[in-house]
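Pasted below: target19.cif, mmCIF, C-alpha atoms and all ligand atoms; chains and numbers go by the auth columns.
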data_final
loop_
_atom_site.group_PDB
_atom_site.id
_atom_site.type_symbol
_atom_site.label_atom_id
_atom_site.label_comp_id
_atom_site.label_asym_id
_atom_site.label_seq_id
_atom_site.Cartn_x
_atom_site.Cartn_y
_atom_site.Cartn_z
_atom_site.B_iso_or_equiv
_atom_site.auth_seq_id
_atom_site.auth_asym_id
ATOM 1 C CA MET A 1 27.102 195.789 136.046 0.00 1 P
ATOM 2 C CA PRO A 2 23.466 196.732 136.978 0.00 2 P
ATOM 3 C CA GLU A 3 23.125 197.432 140.718 0.00 3 P
ATOM 4 C CA LEU A 4 20.381 195.903 142.866 0.00 4 P
ATOM 5 C CA SER A 5 18.781 198.303 145.339 0.00 5 P
ATOM 6 C CA ALA A 6 19.123 195.812 148.222 0.00 6 P
ATOM 7 C CA PHE A 7 20.328 192.270 148.934 0.00 7 P
ATOM 8 C CA LYS A 8 17.946 189.860 147.176 0.00 8 P
ATOM 9 C CA ILE A 9 17.202 186.159 147.324 0.00 9 P
ATOM 10 C CA ILE A 10 16.218 184.631 143.991 0.00 10 P
ATOM 11 C CA ALA A 11 14.798 181.119 143.713 0.00 11 P
ATOM 12 C CA ILE A 12 14.979 179.244 140.387 0.00 12 P
ATOM 13 C CA ASP A 13 13.137 175.929 140.192 0.00 13 P
ATOM 14 C CA GLY A 14 12.323 173.545 137.354 0.00 14 P
ATOM 15 C CA GLY A 15 12.768 170.042 136.003 0.00 15 P
ATOM 16 C CA ALA A 16 15.961 168.497 134.623 0.00 16 P
ATOM 17 C CA ALA A 17 17.581 170.292 131.669 0.00 17 P
ATOM 18 C CA THR A 18 15.169 173.238 131.690 0.00 18 P
ATOM 19 C CA GLY A 19 18.117 175.677 131.734 0.00 19 P
ATOM 20 C CA LYS A 20 18.315 176.402 135.470 0.00 20 P
ATOM 21 C CA SER A 21 22.096 176.154 135.831 0.00 21 P
ATOM 22 C CA SER A 22 23.128 178.145 132.750 0.00 22 P
ATOM 23 C CA THR A 23 20.545 180.805 133.545 0.00 23 P
ATOM 24 C CA SER A 24 21.507 181.045 137.228 0.00 24 P
ATOM 25 C CA ARG A 25 25.205 181.194 136.400 0.00 25 P
ATOM 26 C CA GLY A 26 24.611 183.935 133.829 0.00 26 P
ATOM 27 C CA LEU A 27 22.522 185.946 136.268 0.00 27 P
ATOM 28 C CA SER A 28 25.099 185.558 139.013 0.00 28 P
ATOM 29 C CA GLU A 29 27.705 187.146 136.714 0.00 29 P
ATOM 30 C CA LYS A 30 25.397 189.884 135.490 0.00 30 P
ATOM 31 C CA LEU A 31 24.091 190.926 138.920 0.00 31 P
ATOM 32 C CA ASN A 32 26.934 189.872 141.261 0.00 32 P
ATOM 33 C CA LEU A 33 24.894 187.153 142.978 0.00 33 P
ATOM 34 C CA MET A 34 26.270 184.153 144.830 0.00 34 P
ATOM 35 C CA HIS A 35 25.175 181.090 142.841 0.00 35 P
ATOM 36 C CA VAL A 36 24.152 177.854 144.535 0.00 36 P
ATOM 37 C CA ASP A 37 23.261 174.721 142.550 0.00 37 P
ATOM 38 C CA THR A 38 21.330 172.539 145.001 0.00 38 P
ATOM 39 C CA GLY A 39 21.133 169.735 142.429 0.00 39 P
ATOM 40 C CA ALA A 40 24.900 169.500 142.952 0.00 40 P
ATOM 41 C CA HIS A 41 24.231 169.168 146.718 0.00 41 P
ATOM 42 C CA TYR A 42 22.053 166.103 146.141 0.00 42 P
ATOM 43 C CA ARG A 43 24.555 164.767 143.631 0.00 43 P
ATOM 44 C CA SER A 44 27.424 165.230 146.114 0.00 44 P
ATOM 45 C CA LEU A 45 25.574 163.422 148.885 0.00 45 P
ATOM 46 C CA THR A 46 24.580 160.660 146.449 0.00 46 P
ATOM 47 C CA TYR A 47 28.188 160.265 145.327 0.00 47 P
ATOM 48 C CA ALA A 48 29.480 160.183 148.923 0.00 48 P
ATOM 49 C CA LEU A 49 26.763 157.767 150.075 0.00 49 P
ATOM 50 C CA ILE A 50 27.418 155.365 147.199 0.00 50 P
ATOM 51 C CA GLN A 51 31.170 155.538 147.943 0.00 51 P
ATOM 52 C CA ALA A 52 30.438 154.704 151.580 0.00 52 P
ATOM 53 C CA GLY A 53 28.368 151.679 150.562 0.00 53 P
ATOM 54 C CA ALA A 54 24.875 153.059 151.305 0.00 54 P
ATOM 55 C CA SER A 55 21.869 151.979 149.257 0.00 55 P
ATOM 56 C CA ALA A 56 18.776 154.075 148.520 0.00 56 P
ATOM 57 C CA ASP A 57 16.682 150.893 148.420 0.00 57 P
ATOM 58 C CA ASN A 58 17.577 149.911 151.978 0.00 58 P
ATOM 59 C CA ASN A 59 17.599 153.212 153.812 0.00 59 P
ATOM 60 C CA SER A 60 17.058 151.988 157.390 0.00 60 P
ATOM 61 C CA ASN A 61 20.677 152.821 158.293 0.00 61 P
ATOM 62 C CA ILE A 62 21.091 155.886 156.059 0.00 62 P
ATOM 63 C CA LEU A 63 21.332 158.191 159.092 0.00 63 P
ATOM 64 C CA LYS A 64 24.481 156.378 160.201 0.00 64 P
ATOM 65 C CA TYR A 65 26.065 157.068 156.803 0.00 65 P
ATOM 66 C CA LEU A 66 24.874 160.704 156.789 0.00 66 P
ATOM 67 C CA GLU A 67 26.271 161.383 160.264 0.00 67 P
ATOM 68 C CA ALA A 68 29.733 160.543 158.995 0.00 68 P
ATOM 69 C CA LEU A 69 29.518 163.295 156.355 0.00 69 P
ATOM 70 C CA SER A 70 30.362 166.897 157.333 0.00 70 P
ATOM 71 C CA LEU A 71 29.288 169.802 155.128 0.00 71 P
ATOM 72 C CA SER A 72 31.403 172.831 154.246 0.00 72 P
ATOM 73 C CA THR A 73 31.462 175.504 151.537 0.00 73 P
ATOM 74 C CA GLN A 74 34.075 176.490 149.007 0.00 74 P
ATOM 75 C CA ILE A 75 33.582 179.761 147.136 0.00 75 P
ATOM 76 C CA ASP A 76 34.745 179.452 143.561 0.00 76 P
ATOM 77 C CA GLY A 77 34.271 182.776 141.740 0.00 77 P
ATOM 78 C CA ARG A 78 30.554 183.492 142.213 0.00 78 P
ATOM 79 C CA SER A 79 29.646 179.847 142.927 0.00 79 P
ATOM 80 C CA ALA A 80 29.358 178.381 146.408 0.00 80 P
ATOM 81 C CA ARG A 81 30.188 174.689 146.198 0.00 81 P
ATOM 82 C CA LEU A 82 29.418 172.023 148.770 0.00 82 P
ATOM 83 C CA GLY A 83 32.354 170.196 150.308 0.00 83 P
ATOM 84 C CA ILE A 84 31.773 166.788 151.866 0.00 84 P
ATOM 85 C CA ASN A 85 34.309 165.984 154.558 0.00 85 P
ATOM 86 C CA SER A 86 36.247 168.990 153.197 0.00 86 P
ATOM 87 C CA VAL A 87 36.378 167.729 149.607 0.00 87 P
ATOM 88 C CA VAL A 88 34.357 169.191 146.714 0.00 88 P
ATOM 89 C CA PRO A 89 33.657 166.278 144.352 0.00 89 P
ATOM 90 C CA ALA A 90 34.708 166.868 140.718 0.00 90 P
ATOM 91 C CA ASP A 91 32.009 167.633 138.133 0.00 91 P
ATOM 92 C CA ALA A 92 32.805 164.357 136.340 0.00 92 P
ATOM 93 C CA GLU A 93 31.957 162.488 139.562 0.00 93 P
ATOM 94 C CA LEU A 94 28.758 164.469 140.179 0.00 94 P
ATOM 95 C CA ARG A 95 27.462 163.968 136.630 0.00 95 P
ATOM 96 C CA SER A 96 28.479 160.332 136.149 0.00 96 P
ATOM 97 C CA PRO A 97 25.838 157.876 134.821 0.00 97 P
ATOM 98 C CA LYS A 98 25.837 156.187 138.256 0.00 98 P
ATOM 99 C CA VAL A 99 24.990 159.407 140.106 0.00 99 P
ATOM 100 C CA ASN A 100 22.434 160.345 137.398 0.00 100 P
ATOM 101 C CA ALA A 101 20.757 156.979 137.926 0.00 101 P
ATOM 102 C CA HIS A 102 20.624 157.140 141.741 0.00 102 P
ATOM 103 C CA VAL A 103 20.276 160.811 142.699 0.00 103 P
ATOM 104 C CA SER A 104 16.467 161.028 142.559 0.00 104 P
ATOM 105 C CA LYS A 105 16.151 157.978 144.805 0.00 105 P
ATOM 106 C CA PHE A 106 18.469 159.422 147.466 0.00 106 P
ATOM 107 C CA ALA A 107 16.862 162.881 147.106 0.00 107 P
ATOM 108 C CA ALA A 108 13.467 161.354 147.967 0.00 108 P
ATOM 109 C CA ILE A 109 14.701 160.205 151.398 0.00 109 P
ATOM 110 C CA GLU A 110 13.597 162.616 154.127 0.00 110 P
ATOM 111 C CA THR A 111 16.769 162.306 156.231 0.00 111 P
ATOM 112 C CA VAL A 112 18.899 163.107 153.177 0.00 112 P
ATOM 113 C CA ARG A 113 16.860 166.295 152.548 0.00 113 P
ATOM 114 C CA HIS A 114 17.017 167.257 156.236 0.00 114 P
ATOM 115 C CA LYS A 115 20.784 167.032 156.132 0.00 115 P
ATOM 116 C CA LEU A 116 20.745 169.923 153.605 0.00 116 P
ATOM 117 C CA PHE A 117 17.823 172.048 154.811 0.00 117 P
ATOM 118 C CA ASP A 118 19.547 174.328 157.371 0.00 118 P
ATOM 119 C CA TYR A 119 22.784 174.316 155.398 0.00 119 P
ATOM 120 C CA GLN A 120 21.048 175.646 152.265 0.00 120 P
ATOM 121 C CA ARG A 121 19.238 178.356 154.222 0.00 121 P
ATOM 122 C CA SER A 122 22.471 179.428 155.921 0.00 122 P
ATOM 123 C CA LEU A 123 23.970 180.290 152.529 0.00 123 P
ATOM 124 C CA ALA A 124 21.991 183.573 152.421 0.00 124 P
ATOM 125 C CA GLU A 125 24.037 184.803 155.388 0.00 125 P
ATOM 126 C CA LEU A 126 27.256 183.655 153.730 0.00 126 P
ATOM 127 C CA ALA A 127 26.367 185.571 150.545 0.00 127 P
ATOM 128 C CA ARG A 128 25.808 188.747 152.610 0.00 128 P
ATOM 129 C CA LYS A 129 29.093 188.289 154.486 0.00 129 P
ATOM 130 C CA GLN A 130 30.928 187.785 151.203 0.00 130 P
ATOM 131 C CA ASN A 131 29.503 191.087 149.908 0.00 131 P
ATOM 132 C CA PHE A 132 27.461 189.626 147.073 0.00 132 P
ATOM 133 C CA SER A 133 24.439 191.686 145.952 0.00 133 P
ATOM 134 C CA GLY A 134 22.217 188.679 146.544 0.00 134 P
ATOM 135 C CA LEU A 135 21.834 184.912 146.400 0.00 135 P
ATOM 136 C CA ILE A 136 20.556 182.914 143.432 0.00 136 P
ATOM 137 C CA MET A 137 19.687 179.338 144.372 0.00 137 P
ATOM 138 C CA GLU A 138 18.450 176.766 141.870 0.00 138 P
ATOM 139 C CA GLY A 139 16.766 173.421 142.439 0.00 139 P
ATOM 140 C CA ARG A 140 13.391 171.730 142.819 0.00 140 P
ATOM 141 C CA ASP A 141 12.097 173.045 146.161 0.00 141 P
ATOM 142 C CA ILE A 142 13.785 176.428 146.581 0.00 142 P
ATOM 143 C CA GLY A 143 10.721 178.655 146.125 0.00 143 P
ATOM 144 C CA SER A 144 8.409 176.148 147.821 0.00 144 P
ATOM 145 C CA VAL A 145 10.401 174.907 150.842 0.00 145 P
ATOM 146 C CA ILE A 146 13.864 176.450 151.300 0.00 146 P
ATOM 147 C CA PHE A 147 13.065 180.123 150.607 0.00 147 P
ATOM 148 C CA PRO A 148 9.266 180.464 150.278 0.00 148 P
ATOM 149 C CA ASP A 149 9.735 184.169 151.116 0.00 149 P
ATOM 150 C CA ALA A 150 12.395 184.752 148.439 0.00 150 P
ATOM 151 C CA ASP A 151 12.285 188.191 146.803 0.00 151 P
ATOM 152 C CA HIS A 152 11.750 186.541 143.408 0.00 152 P
ATOM 153 C CA ARG A 153 10.708 183.019 142.498 0.00 153 P
ATOM 154 C CA PHE A 154 10.936 181.624 138.960 0.00 154 P
ATOM 155 C CA PHE A 155 9.889 178.280 137.510 0.00 155 P
ATOM 156 C CA LEU A 156 11.548 177.225 134.241 0.00 156 P
ATOM 157 C CA HIS A 157 10.110 174.636 131.885 0.00 157 P
ATOM 158 C CA ALA A 158 10.724 173.378 128.337 0.00 158 P
ATOM 159 C CA ASP A 159 9.351 170.620 126.116 0.00 159 P
ATOM 160 C CA GLU A 160 10.855 167.141 126.199 0.00 160 P
ATOM 161 C CA THR A 161 12.594 167.303 122.797 0.00 161 P
ATOM 162 C CA THR A 162 14.404 170.531 123.674 0.00 162 P
ATOM 163 C CA ARG A 163 15.546 169.144 127.009 0.00 163 P
ATOM 164 C CA ALA A 164 16.824 165.869 125.526 0.00 164 P
ATOM 165 C CA ALA A 165 18.716 167.849 122.850 0.00 165 P
ATOM 166 C CA ARG A 166 20.359 170.011 125.535 0.00 166 P
ATOM 167 C CA ARG A 167 21.635 166.992 127.479 0.00 167 P
ATOM 168 C CA ALA A 168 22.824 165.304 124.261 0.00 168 P
ATOM 169 C CA SER A 169 24.775 168.433 123.280 0.00 169 P
ATOM 170 C CA GLU A 170 26.468 168.264 126.708 0.00 170 P
ATOM 171 C CA GLY A 171 27.410 164.641 125.929 0.00 171 P
ATOM 172 C CA GLN A 172 25.382 163.364 128.883 0.00 172 P
ATOM 173 C CA THR A 173 23.396 160.189 129.405 0.00 173 P
ATOM 174 C CA ASP A 174 20.503 161.229 131.584 0.00 174 P
ATOM 175 C CA SER A 175 16.991 159.851 131.955 0.00 175 P
ATOM 176 C CA ILE A 176 15.359 163.261 132.282 0.00 176 P
ATOM 177 C CA LEU A 177 11.737 162.125 132.255 0.00 177 P
ATOM 178 C CA LYS A 178 12.321 159.303 134.723 0.00 178 P
ATOM 179 C CA ARG A 179 14.009 161.709 137.136 0.00 179 P
ATOM 180 C CA ASP A 180 11.258 164.296 136.709 0.00 180 P
ATOM 181 C CA GLN A 181 8.644 161.627 137.379 0.00 181 P
ATOM 182 C CA MET A 182 10.406 160.599 140.617 0.00 182 P
ATOM 183 C CA ASP A 183 11.047 164.205 141.657 0.00 183 P
ATOM 184 C CA THR A 184 7.425 165.304 141.143 0.00 184 P
ATOM 185 C CA THR A 185 5.803 162.306 142.800 0.00 185 P
ATOM 186 C CA ARG A 186 7.935 161.958 145.954 0.00 186 P
ATOM 187 C CA LYS A 187 6.316 162.693 149.318 0.00 187 P
ATOM 188 C CA THR A 188 8.876 165.146 150.700 0.00 188 P
ATOM 189 C CA ALA A 189 9.430 168.478 148.930 0.00 189 P
ATOM 190 C CA PRO A 190 8.307 167.349 145.468 0.00 190 P
ATOM 191 C CA LEU A 191 9.131 169.346 142.356 0.00 191 P
ATOM 192 C CA VAL A 192 6.262 171.838 142.007 0.00 192 P
ATOM 193 C CA CYS A 193 5.802 175.250 140.510 0.00 193 P
ATOM 194 C CA PRO A 194 5.597 177.362 143.690 0.00 194 P
ATOM 195 C CA GLU A 195 2.388 179.369 143.971 0.00 195 P
ATOM 196 C CA GLY A 196 2.922 182.863 142.649 0.00 196 P
ATOM 197 C CA ALA A 197 6.209 182.027 140.877 0.00 197 P
ATOM 198 C CA THR A 198 6.882 183.499 137.430 0.00 198 P
ATOM 199 C CA GLN A 199 6.823 180.674 134.873 0.00 199 P
ATOM 200 C CA ILE A 200 9.172 180.850 131.895 0.00 200 P
ATOM 201 C CA ASP A 201 9.143 178.509 128.900 0.00 201 P
ATOM 202 C CA THR A 202 12.840 178.428 127.973 0.00 202 P
ATOM 203 C CA ALA A 203 12.393 176.362 124.762 0.00 203 P
ATOM 204 C CA PRO A 204 11.704 179.232 122.328 0.00 204 P
ATOM 205 C CA LEU A 205 14.263 181.587 123.944 0.00 205 P
ATOM 206 C CA THR A 206 18.035 181.826 123.746 0.00 206 P
ATOM 207 C CA LEU A 207 19.966 181.639 127.006 0.00 207 P
ATOM 208 C CA GLU A 208 20.680 185.352 126.756 0.00 208 P
ATOM 209 C CA GLU A 209 16.978 186.101 126.337 0.00 209 P
ATOM 210 C CA VAL A 210 16.082 184.077 129.436 0.00 210 P
ATOM 211 C CA ILE A 211 18.822 185.809 131.458 0.00 211 P
ATOM 212 C CA ASN A 212 17.740 189.280 130.289 0.00 212 P
ATOM 213 C CA LYS A 213 14.071 188.579 130.949 0.00 213 P
ATOM 214 C CA ILE A 214 14.782 187.532 134.549 0.00 214 P
ATOM 215 C CA ALA A 215 17.362 190.302 135.106 0.00 215 P
ATOM 216 C CA ASP A 216 14.783 192.895 134.003 0.00 216 P
ATOM 217 C CA ILE A 217 12.251 191.587 136.510 0.00 217 P
ATOM 218 C CA ILE A 218 14.800 191.454 139.351 0.00 218 P
ATOM 219 C CA SER A 219 16.261 194.899 138.697 0.00 219 P
ATOM 220 C CA SER A 220 12.943 196.706 138.174 0.00 220 P
HETATM 221 O O1 LIG B . 19.418 169.854 139.061 0.00 301 Y
HETATM 222 P P1 LIG B . 19.973 168.425 138.900 0.00 301 Y
HETATM 223 O O2 LIG B . 19.380 167.714 137.730 0.00 301 Y
HETATM 224 O O3 LIG B . 21.454 168.383 138.933 0.00 301 Y
HETATM 225 O O4 LIG B . 19.440 167.672 140.224 0.00 301 Y
HETATM 226 C C1 LIG B . 19.755 166.337 140.493 0.00 301 Y
HETATM 227 C C2 LIG B . 18.661 165.682 141.316 0.00 301 Y
HETATM 228 O O5 LIG B . 18.657 166.249 142.630 0.00 301 Y
HETATM 229 C C3 LIG B . 17.247 165.849 140.795 0.00 301 Y
HETATM 230 O O6 LIG B . 16.865 164.755 139.983 0.00 301 Y
HETATM 231 C C4 LIG B . 16.407 165.910 142.044 0.00 301 Y
HETATM 232 C C5 LIG B . 17.345 166.324 143.128 0.00 301 Y
HETATM 233 N N1 LIG B . 17.101 167.684 143.622 0.00 301 Y
HETATM 234 C C6 LIG B . 16.157 167.830 144.593 0.00 301 Y
HETATM 235 O O7 LIG B . 15.496 166.863 144.965 0.00 301 Y
HETATM 236 N N2 LIG B . 15.959 169.044 145.166 0.00 301 Y
HETATM 237 C C7 LIG B . 16.658 170.117 144.767 0.00 301 Y
HETATM 238 N N3 LIG B . 16.444 171.293 145.356 0.00 301 Y
HETATM 239 C C8 LIG B . 17.619 169.989 143.737 0.00 301 Y
HETATM 240 C C9 LIG B . 17.802 168.742 143.168 0.00 301 Y
#
The structure given in the file should be rewritten as structure tokens.
Ligand code: DC
Amino acid sequence: MPELSAFKIIAIDGGAATGKSSTSRGLSEKLNLMHVDTGAHYRSLTYALIQAGASADNNSNILKYLEALSLSTQIDGRSARLGINSVVPADAELRSPKVNAHVSKFAAIETVRHKLFDYQRSLAELARKQNFSGLIMEGRDIGSVIFPDADHRFFLHADETTRAARRASEGQTDSILKRDQMDTTRKTAPLVCPEGATQIDTAPLTLEEVINKIADIISS
């Protein structure tokens, strides 16, 4: 396994189905990085809030619902997963059509984002304590808001047809463009390509090529 010269924080941002998760997971294995999928954080909160009866359309009492949810971390191989009230929701729950349909609405609420802000930043310390060579965190606002001083910031993109084909091959129903539209136009921490980030078009590349390209930049 290639060695990094020092502990590094790597931010991977991009729209839905641009290859963030597969790329981040591959890099975490290749470079011994702790992997954090912050999309799963918003999905977990969305799932828990829906279960509790909260609505993203009437968010006046959302704080009351959020206060009842405690956050914890479960390390699973090289992935750090978010536990809500000590339970890590199953992937099938996080990627259900209901969560797909509501997650962008909940993620646009400022109090929902604030619930995760310090928690997400604290994961760098956890990765150090767990003796990982670094932290790789993927999402929409990692290089812009959570870790603007990350050692490396990448922004992945791909054309619409490629992205739809990827979701279809995963057997998922997901309104990618609708979510992207909501994620880029919201007021708080919108999806943007952070200034100075390295942009990568993942459509013409294989997963291995994307991983190698980023690994070369990080290790050089
Ligand atoms: O990466 P994903 O498609 O699983 O993310 C689900 C939703 O979570 C996405 O539509 C927007 C939101 N999200 C966000 O607002 N900020 C992040 N850092 C990660 C995800």
Per residue of region 22-56 of chain P within 10 Å of region 72-75 of chain P, what are the shortest atom pair and its distance in Å to one decimal, counting only C-alpha atoms, with rows by chain and residue number, as CSV?
residue,atom,partner,partner_atom,distance
P:Met34,CA,P:Ile75,CA,8.8
P:His35,CA,P:Ile75,CA,9.5
P:Val36,CA,P:Ile75,CA,10.0
Can you list, as a PyMOL selection string, the residues that the PyMOL selection byres (((chain P and resi 161-174) around 8) and not hetatm) selects here? chain P and resi 16-18+97+100-101+158-160+175-176+203
Around all the atoms of ligand LIG 301 (chain Y) listed in the file, draw an axis-aligned box and extend it by 8 Å on each of the six sides; I want its centre and edge lengths in Å to one decimal, as AutoDock Vina command-line options.
--center_x 18.5 --center_y 168.0 --center_z 141.5 --size_x 22.0 --size_y 22.5 --size_z 23.6
Within 8 Å of region 129-142 of chain P, counting only C-alpha atoms, which residues show up once you throw out same-chain ones fewer than 6 positions away? Write them as a PyMOL selection string, please. chain P and resi 3-4+6-15+20-21+24+28+31-39+123+148+183+189-192
Restricting the calculation to all atoms listed in the file: of P:Ala127, P:Ala68, P:Ile50, P:Leu94, which residue gets closest to ligand LIG 301 (chain Y)?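 Looking at the shortest contact to ligand LIG 301 (chain Y), the residue is P:Leu94.
In this model, the gap between CA of Tyr47 (chain P) and atom P1 of ligand LIG 301 (chain Y) comes to 13.2 Å.
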Report as a PyMOL selection string the full result of the PyMOL selection byres (((chain P and resi 198) around 7) and not hetatm) when it is applied to this structure. chain P and resi 153-155+196-197+199-200
Between CA of Arg179 (chain P) and CA of Ala124 (chain P), what is the distance in Å, rounded to a tenth?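 Computing the Euclidean distance for CA of Arg179 (chain P) and CA of Ala124 (chain P) yields 27.8 Å.
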Which residue out of P:Leu71, P:Ala48, P:Leu66, P:Leu116 has the minimum interatomic distance to ligand LIG 301 (chain Y) when only C-alpha atoms and all ligand atoms are used?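 Under the stated criterion, the closest residue is P:Leu116.
Interatomic distance, CA of Ser70 (chain P) to CA of Arg121 (chain P): 16.3 Å.
Taking all atoms listed in the file into account, Ala90 (chain P) lies nearest to P:Ala40 out of the set P:Leu69, P:Ala40, P:Val103, P:Leu126.
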With distances taken over all atoms listed in the file, the candidate from P:Leu49, P:Leu156, P:Leu207, P:Cys193 nearest Lys98 (chain P) is P:Leu49
Choose the residue, out of P:Asp201, P:Asp149, P:Asp91, P:Asp216, that has the smallest atom-to-atom separation from ligand LIG 301 (chain Y); count only C-alpha atoms and all ligand atoms. P:Asp91
Using only C-alpha atoms for the distances, tell me which of P:Val88, P:Ile217, P:Ile211, P:Val112 is nearest to Glu67 (chain P). P:Val112
